[in-house]
Amino acid sequence: MSKIVILFLIFIMVLGIFGKLRLPKVSNPFKRKTVKATQKCESCGRYNMAGEKCSCGKDA
Ligand SMILES: [Zn+2]
């Protein structure tokens, strides 16, 4: 009978570990990437992808 209780506790611990590990590791890099991926143009204020130059500089 005690084995069932131990298995149940282990099952809850595994669920808790996965829940705690997945949320910060998945959400934080995604937010950091989205922030780094977009850079605001200093001249016109338009948001552009990182590494790409704004079209306002090419036109002018
Ligand atoms: Zn611009």
# chains A, B, ... in the order shown; residues from 1 in each chain; ligands from 1

$ closest_atom_pairs --of "chain A" --to "ligand 1" --cutoff "12 Å" --atoms "only C-alpha atoms and all ligand atoms" --output "JSON lines"
{"residue": "A:Gln39", "atom": "CA", "partner": "ligand 1", "partner_atom_place_in_ligand_line": "1 (Zn)", "distance": 10.1}
{"residue": "A:Lys40", "atom": "CA", "partner": "ligand 1", "partner_atom_place_in_ligand_line": "1 (Zn)", "distance": 7.9}
{"residue": "A:Cys41", "atom": "CA", "partner": "ligand 1", "partner_atom_place_in_ligand_line": "1 (Zn)", "distance": 4.6}
{"residue": "A:Glu42", "atom": "CA", "partner": "ligand 1", "partner_atom_place_in_ligand_line": "1 (Zn)", "distance": 6.5}
{"residue": "A:Ser43", "atom": "CA", "partner": "ligand 1", "partner_atom_place_in_ligand_line": "1 (Zn)", "distance": 5.1}
{"residue": "A:Cys44", "atom": "CA", "partner": "ligand 1", "partner_atom_place_in_ligand_line": "1 (Zn)", "distance": 4.2}
{"residue": "A:Gly45", "atom": "CA", "partner": "ligand 1", "partner_atom_place_in_ligand_line": "1 (Zn)", "distance": 6.0}
{"residue": "A:Arg46", "atom": "CA", "partner": "ligand 1", "partner_atom_place_in_ligand_line": "1 (Zn)", "distance": 5.5}
{"residue": "A:Tyr47", "atom": "CA", "partner": "ligand 1", "partner_atom_place_in_ligand_line": "1 (Zn)", "distance": 8.0}
{"residue": "A:Asn48", "atom": "CA", "partner": "ligand 1", "partner_atom_place_in_ligand_line": "1 (Zn)", "distance": 8.2}
{"residue": "A:Met49", "atom": "CA", "partner": "ligand 1", "partner_atom_place_in_ligand_line": "1 (Zn)", "distance": 11.5}
{"residue": "A:Glu52", "atom": "CA", "partner": "ligand 1", "partner_atom_place_in_ligand_line": "1 (Zn)", "distance": 10.7}
{"residue": "A:Lys53", "atom": "CA", "partner": "ligand 1", "partner_atom_place_in_ligand_line": "1 (Zn)", "distance": 7.9}
{"residue": "A:Cys54", "atom": "CA", "partner": "ligand 1", "partner_atom_place_in_ligand_line": "1 (Zn)", "distance": 4.6}
{"residue": "A:Ser55", "atom": "CA", "partner": "ligand 1", "partner_atom_place_in_ligand_line": "1 (Zn)", "distance": 6.0}
{"residue": "A:Cys56", "atom": "CA", "partner": "ligand 1", "partner_atom_place_in_ligand_line": "1 (Zn)", "distance": 4.4}
{"residue": "A:Gly57", "atom": "CA", "partner": "ligand 1", "partner_atom_place_in_ligand_line": "1 (Zn)", "distance": 6.0}
{"residue": "A:Lys58", "atom": "CA", "partner": "ligand 1", "partner_atom_place_in_ligand_line": "1 (Zn)", "distance": 8.9}
{"residue": "A:Asp59", "atom": "CA", "partner": "ligand 1", "partner_atom_place_in_ligand_line": "1 (Zn)", "distance": 9.6}
{"residue": "A:Ala60", "atom": "CA", "partner": "ligand 1", "partner_atom_place_in_ligand_line": "1 (Zn)", "distance": 9.7}

$ atom_distance --atom1 "atom CA of A:Val5" --atom2 "atom CA of A:Ile17"
18.3 Å

$ atom_distance --atom1 "atom CA of A:Met1" --atom2 "atom CA of A:Val14"
20.6 Å

$ closest_residue --among "A:Ile4, A:Ile10, A:Thr38, A:Phe18" --to "A:Gly51" --atoms "only C-alpha atoms"
A:Thr38
